[in-house]
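A short worksheet on the structure shown next.
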Amino acid sequence: RAATTSVMIGAAALFLFLAVGPRVLGYQTSTMLTGSMAPMINAGDVVVSVPKPVSELKTRDVITYGIPVEDHRVETHRIVEISRNDNGTTVIRTKGDANSGADPWTAALQGGTVHVHAATIPYLGTAIRVLREPVLLQGLMYGAPAVLVCMVLVSIWKKEPGVNSPPVTDHRR
């Protein structure tokens, strides 16, 4: 029973951290898909980023941003160059710590803030990716409710008559 309670509390805390926390507290989470930032952030780690004013950015900050090329995927890399255009736009160049060279693009940061690395949670992203596998996802989607129903039925059938049940009264007259 203690193990089940611990698992349920852990699952609820994880849900609050990943689903509710970013909307309420303003941070964002993302799963690192490659080893480009190793050893600081490895593939499968979850990156927690917090907003920081663009005007306060400096080289060596690790940021999470949408790259300006291809599919505009979200990238977490270190700033290696930073400059400000005449119109006030901040332009950066980034590089993964494990990569030999800088990224082949420059990015103009839009808006007043950008998300900066605050914490790394090792392996959590790998666990999330495993849970998203179709076979496991289907098993959890149908298996978890089935297990819950079975547990409820067993607890109902296991009760002995007269134990923790109200007295039976005859209301016929």
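Chain labels A, B, ... are given in the sequence in which chains occur in the structure tokens; within each chain residues are numbered consecutively from 1, and ligands are likewise numbered from 1 in the order shown.
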DSSP says helix (DSSP H, G or I) for which residues of chain A? Put them as number ranges by chain?
A: 2-25, 54-56, 124-131, 134-158
At a cut-off of 10 Å, using only C-alpha atoms, what residues contact Thr34 (chain A)? Leave out same-chain residues fewer than 6 positions from it and give the result as a VMD selection string.
chain A and resid 41 to 45 75 96
What lies within 7 Å of Ala108 (chain A) using only C-alpha atoms, ignoring chain neighbours under 2 positions off, as an MDAnalysis selection string?
chainID A and resid 89:92 106 110
Convert the current residue selection to file output with N, CA and C atoms, as an mmCIF file, in the first residue's frame.
```cif
data_model
loop_
_atom_site.group_PDB
_atom_site.id
_atom_site.type_symbol
_atom_site.label_atom_id
_atom_site.label_comp_id
_atom_site.auth_asym_id
_atom_site.auth_seq_id
_atom_site.Cartn_x
_atom_site.Cartn_y
_atom_site.Cartn_z
ATOM 1 N N THR A 89 17.424 44.981 -32.521
ATOM 2 C CA THR A 89 17.242 43.525 -32.523
ATOM 3 C C THR A 89 18.519 42.849 -32.037
ATOM 4 N N THR A 90 18.362 41.861 -31.168
ATOM 5 C CA THR A 90 19.492 41.087 -30.671
ATOM 6 C C THR A 90 19.714 39.896 -31.600
ATOM 7 N N VAL A 91 20.941 39.757 -32.088
ATOM 8 C CA VAL A 91 21.305 38.678 -32.994
ATOM 9 C C VAL A 91 22.358 37.823 -32.295
ATOM 10 N N ILE A 92 22.145 36.499 -32.350
ATOM 11 C CA ILE A 92 23.059 35.588 -31.647
ATOM 12 C C ILE A 92 23.583 34.513 -32.581
ATOM 13 N N THR A 106 22.676 32.472 -37.867
ATOM 14 C CA THR A 106 22.535 33.490 -36.834
ATOM 15 C C THR A 106 21.042 33.636 -36.594
ATOM 16 N N GLN A 110 13.305 37.370 -31.217
ATOM 17 C CA GLN A 110 12.070 38.152 -31.259
ATOM 18 C C GLN A 110 11.481 38.224 -29.858
#
```
Contacts of region 33-86 of chain A with region 10-24 of chain A up to 10 Å, shortest pair per row, only C-alpha atoms, as JSON lines:
```
{"residue": "A:Val48", "atom": "CA", "partner": "A:Pro22", "partner_atom": "CA", "distance": 9.4}
{"residue": "A:Ser49", "atom": "CA", "partner": "A:Pro22", "partner_atom": "CA", "distance": 9.6}
{"residue": "A:Val50", "atom": "CA", "partner": "A:Pro22", "partner_atom": "CA", "distance": 9.3}
```
Excluding Ala107 (chain A) and any residue of its chain fewer than 2 positions from it, enumerate the residues within 10 Å of it, using only C-alpha atoms, and give them as a list in words.
Tyr65, Gly66, Ile67, Pro68, Val69, Ile82, Thr90, Val91, Ile92, Arg93, Thr94, Asp103, Trp105, Leu109 and Gln110 of chain A
Take the residues from that selection and write them out as a PDB file, in the first residue's frame, keeping N, CA, C and O atoms.
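Contents of the output file result38.pdb:
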```pdb
ATOM      1  N   TYR A  65      15.646  28.073 -27.833  1.00  0.00           N
ATOM      2  CA  TYR A  65      14.996  28.967 -28.792  1.00  0.00           C
ATOM      3  C   TYR A  65      14.672  28.207 -30.065  1.00  0.00           C
ATOM      4  O   TYR A  65      15.194  27.120 -30.310  1.00  0.00           O
ATOM      5  N   GLY A  66      13.815  28.778 -30.889  1.00  0.00           N
ATOM      6  CA  GLY A  66      13.483  28.199 -32.184  1.00  0.00           C
ATOM      7  C   GLY A  66      14.525  28.624 -33.204  1.00  0.00           C
ATOM      8  O   GLY A  66      14.726  29.820 -33.401  1.00  0.00           O
ATOM      9  N   ILE A  67      15.165  27.659 -33.852  1.00  0.00           N
ATOM     10  CA  ILE A  67      16.208  28.012 -34.816  1.00  0.00           C
ATOM     11  C   ILE A  67      15.564  28.673 -36.048  1.00  0.00           C
ATOM     12  O   ILE A  67      14.423  28.386 -36.373  1.00  0.00           O
ATOM     13  N   PRO A  68      16.305  29.550 -36.727  1.00  0.00           N
ATOM     14  CA  PRO A  68      15.714  30.306 -37.837  1.00  0.00           C
ATOM     15  C   PRO A  68      15.742  29.600 -39.190  1.00  0.00           C
ATOM     16  O   PRO A  68      15.456  30.235 -40.204  1.00  0.00           O
ATOM     17  N   VAL A  69      16.066  28.322 -39.231  1.00  0.00           N
ATOM     18  CA  VAL A  69      16.152  27.598 -40.500  1.00  0.00           C
ATOM     19  C   VAL A  69      15.364  26.298 -40.430  1.00  0.00           C
ATOM     20  O   VAL A  69      14.910  25.889 -39.360  1.00  0.00           O
ATOM     21  N   ILE A  82      27.107  37.502 -29.583  1.00  0.00           N
ATOM     22  CA  ILE A  82      25.878  38.277 -29.398  1.00  0.00           C
ATOM     23  C   ILE A  82      26.133  39.703 -29.874  1.00  0.00           C
ATOM     24  O   ILE A  82      27.196  40.265 -29.621  1.00  0.00           O
ATOM     25  N   THR A  90      18.362  41.861 -31.168  1.00  0.00           N
ATOM     26  CA  THR A  90      19.492  41.087 -30.671  1.00  0.00           C
ATOM     27  C   THR A  90      19.714  39.896 -31.600  1.00  0.00           C
ATOM     28  O   THR A  90      18.786  39.136 -31.877  1.00  0.00           O
ATOM     29  N   VAL A  91      20.941  39.757 -32.088  1.00  0.00           N
ATOM     30  CA  VAL A  91      21.305  38.678 -32.994  1.00  0.00           C
ATOM     31  C   VAL A  91      22.358  37.823 -32.295  1.00  0.00           C
ATOM     32  O   VAL A  91      23.320  38.352 -31.723  1.00  0.00           O
ATOM     33  N   ILE A  92      22.145  36.499 -32.350  1.00  0.00           N
ATOM     34  CA  ILE A  92      23.059  35.588 -31.647  1.00  0.00           C
ATOM     35  C   ILE A  92      23.583  34.513 -32.581  1.00  0.00           C
ATOM     36  O   ILE A  92      22.994  34.212 -33.606  1.00  0.00           O
ATOM     37  N   ARG A  93      24.670  33.917 -32.167  1.00  0.00           N
ATOM     38  CA  ARG A  93      25.216  32.698 -32.749  1.00  0.00           C
ATOM     39  C   ARG A  93      25.353  31.718 -31.606  1.00  0.00           C
ATOM     40  O   ARG A  93      25.745  32.103 -30.490  1.00  0.00           O
ATOM     41  N   THR A  94      25.012  30.460 -31.830  1.00  0.00           N
ATOM     42  CA  THR A  94      25.064  29.460 -30.764  1.00  0.00           C
ATOM     43  C   THR A  94      25.921  28.273 -31.182  1.00  0.00           C
ATOM     44  O   THR A  94      26.263  28.112 -32.359  1.00  0.00           O
ATOM     45  N   ASP A 103      26.892  26.795 -34.711  1.00  0.00           N
ATOM     46  CA  ASP A 103      25.759  26.499 -35.585  1.00  0.00           C
ATOM     47  C   ASP A 103      25.886  27.353 -36.850  1.00  0.00           C
ATOM     48  O   ASP A 103      26.367  28.491 -36.779  1.00  0.00           O
ATOM     49  N   TRP A 105      23.959  29.158 -38.526  1.00  0.00           N
ATOM     50  CA  TRP A 105      23.008  30.254 -38.697  1.00  0.00           C
ATOM     51  C   TRP A 105      23.227  31.308 -37.618  1.00  0.00           C
ATOM     52  O   TRP A 105      23.859  31.064 -36.599  1.00  0.00           O
ATOM     53  N   LEU A 109      16.607  37.310 -32.205  1.00  0.00           N
ATOM     54  CA  LEU A 109      15.665  36.974 -31.137  1.00  0.00           C
ATOM     55  C   LEU A 109      14.485  37.934 -31.166  1.00  0.00           C
ATOM     56  O   LEU A 109      14.650  39.146 -31.146  1.00  0.00           O
ATOM     57  N   GLN A 110      13.305  37.370 -31.217  1.00  0.00           N
ATOM     58  CA  GLN A 110      12.070  38.152 -31.259  1.00  0.00           C
ATOM     59  C   GLN A 110      11.481  38.224 -29.858  1.00  0.00           C
ATOM     60  O   GLN A 110      11.547  37.269 -29.096  1.00  0.00           O
TER      61      GLN A 110
END
```
Please return as a CSV table (one decimal) with all heavy atoms, in the first residue's frame: the residues of region 11-146 of chain A that backbone DSSP assigns to strand (DSSP E).
```
chain,number,residue,atom,x,y,z
A,28,GLN,N,9.7,26.5,-18.8
A,28,GLN,CA,9.4,25.6,-19.8
A,28,GLN,C,10.3,24.4,-19.7
A,28,GLN,O,11.4,24.5,-19.2
A,28,GLN,CB,9.4,26.2,-21.2
A,28,GLN,CG,10.8,26.4,-21.8
A,28,GLN,CD,10.8,26.9,-23.2
A,28,GLN,OE1,9.8,27.6,-23.6
A,28,GLN,NE2,11.9,26.7,-23.9
A,29,THR,N,9.8,23.2,-20.1
A,29,THR,CA,10.6,22.0,-20.1
A,29,THR,C,10.7,21.5,-21.6
A,29,THR,O,9.7,21.7,-22.3
A,29,THR,CB,9.9,20.9,-19.2
A,29,THR,OG1,8.6,20.6,-19.7
A,29,THR,CG2,9.8,21.4,-17.8
A,30,SER,N,11.8,20.9,-21.9
A,30,SER,CA,12.0,20.3,-23.2
A,30,SER,C,12.9,19.1,-23.0
A,30,SER,O,13.8,19.1,-22.1
A,30,SER,CB,12.5,21.3,-24.2
A,30,SER,OG,13.7,21.9,-23.7
A,31,THR,N,12.8,18.1,-23.9
A,31,THR,CA,13.6,16.9,-23.8
A,31,THR,C,14.8,17.1,-24.8
A,31,THR,O,14.5,17.4,-26.0
A,31,THR,CB,12.8,15.7,-24.2
A,31,THR,OG1,11.7,15.5,-23.2
A,31,THR,CG2,13.7,14.4,-24.1
A,46,VAL,N,15.8,16.1,-19.4
A,46,VAL,CA,14.8,17.2,-19.5
A,46,VAL,C,15.5,18.5,-19.1
A,46,VAL,O,16.2,18.6,-18.1
A,46,VAL,CB,13.6,16.9,-18.7
A,46,VAL,CG1,12.7,18.2,-18.6
A,46,VAL,CG2,12.8,15.8,-19.3
A,47,VAL,N,15.4,19.5,-20.0
A,47,VAL,CA,15.9,20.9,-19.7
A,47,VAL,C,14.8,21.7,-19.2
A,47,VAL,O,13.7,21.8,-19.7
A,47,VAL,CB,16.5,21.5,-21.0
A,47,VAL,CG1,17.0,22.9,-20.7
A,47,VAL,CG2,17.6,20.6,-21.6
A,48,VAL,N,15.1,22.4,-18.0
A,48,VAL,CA,14.1,23.3,-17.5
A,48,VAL,C,14.7,24.7,-17.7
A,48,VAL,O,15.9,25.0,-17.4
A,48,VAL,CB,14.0,23.1,-15.9
A,48,VAL,CG1,13.0,24.1,-15.4
A,48,VAL,CG2,13.5,21.7,-15.6
A,49,SER,N,13.9,25.6,-18.4
A,49,SER,CA,14.4,26.9,-18.8
A,49,SER,C,13.4,28.0,-18.2
A,49,SER,O,12.2,27.7,-18.1
A,49,SER,CB,14.4,27.1,-20.3
A,49,SER,OG,15.0,26.0,-20.9
A,50,VAL,N,14.0,29.1,-17.8
A,50,VAL,CA,13.2,30.2,-17.3
A,50,VAL,C,13.4,31.4,-18.2
A,50,VAL,O,14.5,31.6,-18.8
A,50,VAL,CB,13.6,30.5,-15.8
A,50,VAL,CG1,13.3,29.4,-14.9
A,50,VAL,CG2,15.1,30.9,-15.7
A,51,PRO,N,12.4,32.3,-18.3
A,51,PRO,CA,12.5,33.5,-19.1
A,51,PRO,C,13.5,34.5,-18.5
A,51,PRO,O,13.7,34.6,-17.3
A,51,PRO,CB,11.1,34.1,-19.1
A,51,PRO,CG,10.4,33.4,-18.0
A,51,PRO,CD,11.1,32.2,-17.6
A,52,LYS,N,14.3,35.1,-19.5
A,52,LYS,CA,15.2,36.1,-19.1
A,52,LYS,C,15.1,37.2,-20.1
A,52,LYS,O,15.0,36.9,-21.3
A,52,LYS,CB,16.6,35.5,-19.1
A,52,LYS,CG,17.7,36.5,-18.7
A,52,LYS,CD,19.1,35.7,-18.7
A,52,LYS,CE,20.2,36.7,-18.2
A,52,LYS,NZ,21.5,35.9,-18.1
A,53,PRO,N,15.2,38.5,-19.7
A,53,PRO,CA,15.1,39.6,-20.7
A,53,PRO,C,16.3,39.4,-21.7
A,53,PRO,O,17.4,39.2,-21.4
A,53,PRO,CB,15.3,40.8,-19.9
A,53,PRO,CG,14.8,40.4,-18.5
A,53,PRO,CD,15.2,39.0,-18.4
A,62,VAL,N,23.2,29.5,-21.8
A,62,VAL,CA,22.6,28.4,-22.5
A,62,VAL,C,21.1,28.8,-22.7
A,62,VAL,O,20.4,28.9,-21.7
A,62,VAL,CB,22.8,27.1,-21.8
A,62,VAL,CG1,22.1,26.0,-22.5
A,62,VAL,CG2,24.3,26.8,-21.6
A,63,ILE,N,20.7,28.9,-23.9
A,63,ILE,CA,19.3,29.3,-24.2
A,63,ILE,C,18.5,28.2,-25.0
A,63,ILE,O,19.1,27.4,-25.6
A,63,ILE,CB,19.2,30.6,-25.0
A,63,ILE,CG1,19.8,30.5,-26.4
A,63,ILE,CG2,19.9,31.7,-24.2
A,63,ILE,CD1,19.6,31.7,-27.3
A,64,THR,N,17.2,28.2,-24.8
A,64,THR,CA,16.3,27.4,-25.6
A,64,THR,C,15.5,28.3,-26.5
A,64,THR,O,14.8,29.2,-26.0
A,64,THR,CB,15.4,26.6,-24.7
A,64,THR,OG1,16.2,25.8,-23.8
A,64,THR,CG2,14.5,25.7,-25.4
A,65,TYR,N,15.6,28.1,-27.8
A,65,TYR,CA,15.0,29.0,-28.8
A,65,TYR,C,14.7,28.2,-30.1
A,65,TYR,O,15.2,27.1,-30.3
A,65,TYR,CB,15.9,30.2,-29.1
A,65,TYR,CG,17.1,29.8,-29.9
A,65,TYR,CD1,17.2,30.1,-31.2
A,65,TYR,CD2,18.2,29.1,-29.3
A,65,TYR,CE1,18.3,29.8,-32.0
A,65,TYR,CE2,19.3,28.8,-30.1
A,65,TYR,CZ,19.4,29.1,-31.4
A,65,TYR,OH,20.5,28.8,-32.1
A,66,GLY,N,13.8,28.8,-30.9
A,66,GLY,CA,13.5,28.2,-32.2
A,66,GLY,C,14.5,28.6,-33.2
A,66,GLY,O,14.7,29.8,-33.4
A,74,VAL,N,13.0,23.6,-31.8
A,74,VAL,CA,13.6,24.2,-30.6
A,74,VAL,C,14.9,23.6,-30.3
A,74,VAL,O,15.1,22.3,-30.4
A,74,VAL,CB,12.6,23.9,-29.4
A,74,VAL,CG1,13.2,24.4,-28.1
A,74,VAL,CG2,11.3,24.6,-29.7
A,75,GLU,N,15.9,24.4,-30.0
A,75,GLU,CA,17.3,24.0,-29.8
A,75,GLU,C,17.7,24.6,-28.5
A,75,GLU,O,17.3,25.7,-28.1
A,75,GLU,CB,18.1,24.6,-30.9
A,75,GLU,CG,19.5,24.2,-31.0
A,75,GLU,CD,19.7,22.8,-31.5
A,75,GLU,OE1,19.5,22.6,-32.7
A,75,GLU,OE2,19.9,21.8,-30.7
A,76,THR,N,18.5,23.8,-27.8
A,76,THR,CA,19.2,24.3,-26.5
A,76,THR,C,20.7,24.3,-26.7
A,76,THR,O,21.3,23.2,-26.8
A,76,THR,CB,18.8,23.5,-25.3
A,76,THR,OG1,17.4,23.5,-25.1
A,76,THR,CG2,19.4,24.0,-24.0
A,77,HIS,N,21.3,25.5,-26.9
A,77,HIS,CA,22.7,25.6,-27.2
A,77,HIS,C,23.2,26.9,-26.4
A,77,HIS,O,22.5,27.7,-26.0
A,77,HIS,CB,23.0,25.8,-28.7
A,77,HIS,CG,23.1,24.4,-29.4
A,77,HIS,ND1,23.2,24.3,-30.7
A,77,HIS,CD2,23.0,23.2,-28.9
A,77,HIS,CE1,23.3,23.1,-31.1
A,77,HIS,NE2,23.1,22.3,-30.0
A,78,ARG,N,24.5,27.0,-26.4
A,78,ARG,CA,25.2,28.0,-25.7
A,78,ARG,C,25.5,29.2,-26.7
A,78,ARG,O,25.8,29.0,-27.8
A,78,ARG,CB,26.6,27.5,-25.2
A,78,ARG,CG,27.3,28.5,-24.3
A,78,ARG,CD,28.5,27.9,-23.7
A,78,ARG,NE,28.3,26.7,-22.9
A,78,ARG,CZ,27.9,26.6,-21.7
A,78,ARG,NH1,27.6,27.7,-21.0
A,78,ARG,NH2,27.7,25.4,-21.1
A,79,ILE,N,25.3,30.4,-26.2
A,79,ILE,CA,25.5,31.6,-27.0
A,79,ILE,C,27.1,31.8,-27.1
A,79,ILE,O,27.7,31.8,-26.1
A,79,ILE,CB,24.9,32.9,-26.4
A,79,ILE,CG1,23.4,32.8,-26.4
A,79,ILE,CG2,25.3,34.1,-27.1
A,79,ILE,CD1,22.7,33.9,-25.6
A,80,VAL,N,27.6,31.9,-28.3
A,80,VAL,CA,29.0,32.2,-28.5
A,80,VAL,C,29.3,33.6,-29.1
A,80,VAL,O,30.4,34.1,-28.9
A,80,VAL,CB,29.7,31.1,-29.4
A,80,VAL,CG1,29.7,29.7,-28.7
A,80,VAL,CG2,29.0,31.0,-30.8
A,81,GLU,N,28.3,34.2,-29.7
A,81,GLU,CA,28.4,35.5,-30.2
A,81,GLU,C,27.0,36.2,-29.9
A,81,GLU,O,26.0,35.6,-30.1
A,81,GLU,CB,28.7,35.6,-31.7
A,81,GLU,CG,30.0,35.2,-32.1
A,81,GLU,CD,30.2,35.2,-33.6
A,81,GLU,OE1,29.6,36.1,-34.3
A,81,GLU,OE2,30.9,34.3,-34.1
A,82,ILE,N,27.1,37.5,-29.6
A,82,ILE,CA,25.9,38.3,-29.4
A,82,ILE,C,26.1,39.7,-29.9
A,82,ILE,O,27.2,40.3,-29.6
A,82,ILE,CB,25.4,38.2,-27.9
A,82,ILE,CG1,24.0,38.9,-27.8
A,82,ILE,CG2,26.4,38.9,-27.0
A,82,ILE,CD1,23.4,38.6,-26.4
A,83,SER,N,25.2,40.2,-30.6
A,83,SER,CA,25.3,41.6,-31.1
A,83,SER,C,23.9,42.2,-31.2
A,83,SER,O,22.9,41.5,-31.2
A,83,SER,CB,26.0,41.7,-32.4
A,83,SER,OG,25.2,41.0,-33.4
A,84,ARG,N,23.9,43.6,-31.2
A,84,ARG,CA,22.6,44.3,-31.3
A,84,ARG,C,22.6,45.1,-32.6
A,84,ARG,O,23.5,45.8,-32.9
A,84,ARG,CB,22.3,45.1,-30.1
A,84,ARG,CG,22.4,44.3,-28.8
A,84,ARG,CD,21.3,44.5,-27.9
A,84,ARG,NE,21.1,43.7,-26.7
A,84,ARG,CZ,21.9,42.9,-26.1
A,84,ARG,NH1,23.1,42.5,-26.6
A,84,ARG,NH2,21.6,42.3,-25.0
A,90,THR,N,18.4,41.9,-31.2
A,90,THR,CA,19.5,41.1,-30.7
A,90,THR,C,19.7,39.9,-31.6
A,90,THR,O,18.8,39.1,-31.9
A,90,THR,CB,19.2,40.6,-29.2
A,90,THR,OG1,19.0,41.7,-28.4
A,90,THR,CG2,20.4,39.8,-28.7
A,91,VAL,N,20.9,39.8,-32.1
A,91,VAL,CA,21.3,38.7,-33.0
A,91,VAL,C,22.4,37.8,-32.3
A,91,VAL,O,23.3,38.4,-31.7
A,91,VAL,CB,21.9,39.2,-34.3
A,91,VAL,CG1,22.3,38.1,-35.3
A,91,VAL,CG2,20.8,40.1,-35.0
A,92,ILE,N,22.1,36.5,-32.3
A,92,ILE,CA,23.1,35.6,-31.6
A,92,ILE,C,23.6,34.5,-32.6
A,92,ILE,O,23.0,34.2,-33.6
A,92,ILE,CB,22.4,34.9,-30.4
A,92,ILE,CG1,21.1,34.1,-30.9
A,92,ILE,CG2,22.0,35.9,-29.4
A,92,ILE,CD1,20.6,33.1,-29.9
A,93,ARG,N,24.7,33.9,-32.2
A,93,ARG,CA,25.2,32.7,-32.7
A,93,ARG,C,25.4,31.7,-31.6
A,93,ARG,O,25.7,32.1,-30.5
A,93,ARG,CB,26.6,33.0,-33.3
A,93,ARG,CG,27.2,32.6,-34.5
A,93,ARG,CD,26.8,32.7,-35.8
A,93,ARG,NE,27.1,31.4,-36.5
A,93,ARG,CZ,28.2,31.2,-37.2
A,93,ARG,NH1,29.0,32.2,-37.4
A,93,ARG,NH2,28.4,30.0,-37.7
A,94,THR,N,25.0,30.5,-31.8
A,94,THR,CA,25.1,29.5,-30.8
A,94,THR,C,25.9,28.3,-31.2
A,94,THR,O,26.3,28.1,-32.4
A,94,THR,CB,23.7,29.0,-30.4
A,94,THR,OG1,23.0,28.4,-31.6
A,94,THR,CG2,22.8,30.1,-29.8
A,95,LYS,N,26.2,27.4,-30.2
A,95,LYS,CA,27.0,26.2,-30.4
A,95,LYS,C,26.7,25.2,-29.3
A,95,LYS,O,26.6,25.6,-28.2
A,95,LYS,CB,28.5,26.6,-30.4
A,95,LYS,CG,29.5,25.4,-30.5
A,95,LYS,CD,30.9,25.9,-30.2
A,95,LYS,CE,31.9,24.8,-30.2
A,95,LYS,NZ,31.7,23.8,-29.2
A,107,ALA,N,20.7,33.9,-35.4
A,107,ALA,CA,19.3,34.0,-35.0
A,107,ALA,C,19.0,35.4,-34.5
A,107,ALA,O,19.7,35.9,-33.6
A,107,ALA,CB,18.9,32.9,-34.0
A,108,ALA,N,18.0,36.0,-35.0
A,108,ALA,CA,17.5,37.3,-34.5
A,108,ALA,C,16.4,36.9,-33.4
A,108,ALA,O,15.4,36.3,-33.8
A,108,ALA,CB,16.9,38.2,-35.6
A,109,LEU,N,16.6,37.3,-32.2
A,109,LEU,CA,15.7,37.0,-31.1
A,109,LEU,C,14.5,37.9,-31.2
A,109,LEU,O,14.7,39.1,-31.1
A,109,LEU,CB,16.4,37.0,-29.8
A,109,LEU,CG,17.5,36.0,-29.6
A,109,LEU,CD1,18.2,36.2,-28.2
A,109,LEU,CD2,17.0,34.6,-29.8
A,113,THR,N,11.9,38.5,-24.2
A,113,THR,CA,12.5,37.5,-23.3
A,113,THR,C,12.9,36.2,-24.2
A,113,THR,O,12.4,36.0,-25.2
A,113,THR,CB,11.6,37.0,-22.2
A,113,THR,OG1,10.4,36.4,-22.8
A,113,THR,CG2,11.2,38.1,-21.3
A,114,VAL,N,13.8,35.5,-23.6
A,114,VAL,CA,14.2,34.2,-24.2
A,114,VAL,C,14.4,33.3,-23.0
A,114,VAL,O,14.7,33.7,-21.9
A,114,VAL,CB,15.5,34.3,-25.0
A,114,VAL,CG1,16.7,34.6,-24.2
A,114,VAL,CG2,15.8,33.0,-25.9
A,115,HIS,N,14.2,32.0,-23.2
A,115,HIS,CA,14.3,31.0,-22.1
A,115,HIS,C,15.8,30.6,-21.9
A,115,HIS,O,16.4,30.2,-22.9
A,115,HIS,CB,13.4,29.8,-22.3
A,115,HIS,CG,12.0,30.1,-22.0
A,115,HIS,ND1,11.1,30.8,-22.8
A,115,HIS,CD2,11.3,29.9,-20.8
A,115,HIS,CE1,10.0,30.9,-22.2
A,115,HIS,NE2,10.1,30.4,-21.0
A,116,VAL,N,16.3,30.7,-20.7
A,116,VAL,CA,17.6,30.4,-20.3
A,116,VAL,C,17.7,29.1,-19.4
A,116,VAL,O,16.8,29.0,-18.6
A,116,VAL,CB,18.3,31.6,-19.6
A,116,VAL,CG1,19.7,31.2,-19.2
A,116,VAL,CG2,18.3,32.8,-20.5
A,117,HIS,N,18.6,28.3,-19.7
A,117,HIS,CA,18.8,27.0,-18.9
A,117,HIS,C,18.8,27.3,-17.4
A,117,HIS,O,19.6,28.1,-16.9
A,117,HIS,CB,20.1,26.3,-19.4
A,117,HIS,CG,20.4,25.1,-18.6
A,117,HIS,ND1,21.2,25.1,-17.5
A,117,HIS,CD2,19.9,23.8,-18.7
A,117,HIS,CE1,21.3,23.8,-17.0
A,117,HIS,NE2,20.5,23.0,-17.8
A,118,ALA,N,18.0,26.6,-16.6
A,118,ALA,CA,18.0,26.7,-15.2
A,118,ALA,C,18.4,25.4,-14.5
A,118,ALA,O,19.0,25.4,-13.4
A,118,ALA,CB,16.6,27.2,-14.7
A,119,ALA,N,17.9,24.3,-15.1
A,119,ALA,CA,18.2,23.0,-14.4
A,119,ALA,C,18.1,21.9,-15.5
A,119,ALA,O,17.5,22.1,-16.5
A,119,ALA,CB,17.2,22.7,-13.3
A,120,THR,N,18.7,20.8,-15.1
A,120,THR,CA,18.7,19.6,-16.0
A,120,THR,C,18.2,18.4,-15.1
A,120,THR,O,18.7,18.2,-14.0
A,120,THR,CB,20.1,19.3,-16.6
A,120,THR,OG1,20.5,20.4,-17.3
A,120,THR,CG2,20.0,18.0,-17.4
A,121,ILE,N,17.2,17.7,-15.6
A,121,ILE,CA,16.7,16.5,-14.9
A,121,ILE,C,17.2,15.3,-15.7
A,121,ILE,O,16.6,15.0,-16.8
A,121,ILE,CB,15.2,16.5,-14.7
A,121,ILE,CG1,14.8,17.8,-14.0
A,121,ILE,CG2,14.8,15.3,-14.0
A,121,ILE,CD1,13.3,18.1,-14.0
```
So, counting only C-alpha atoms, which residue among A:Ala146, A:Leu153, A:His72, A:Met32 is closest to Ile128 (chain A)?
A:Met32
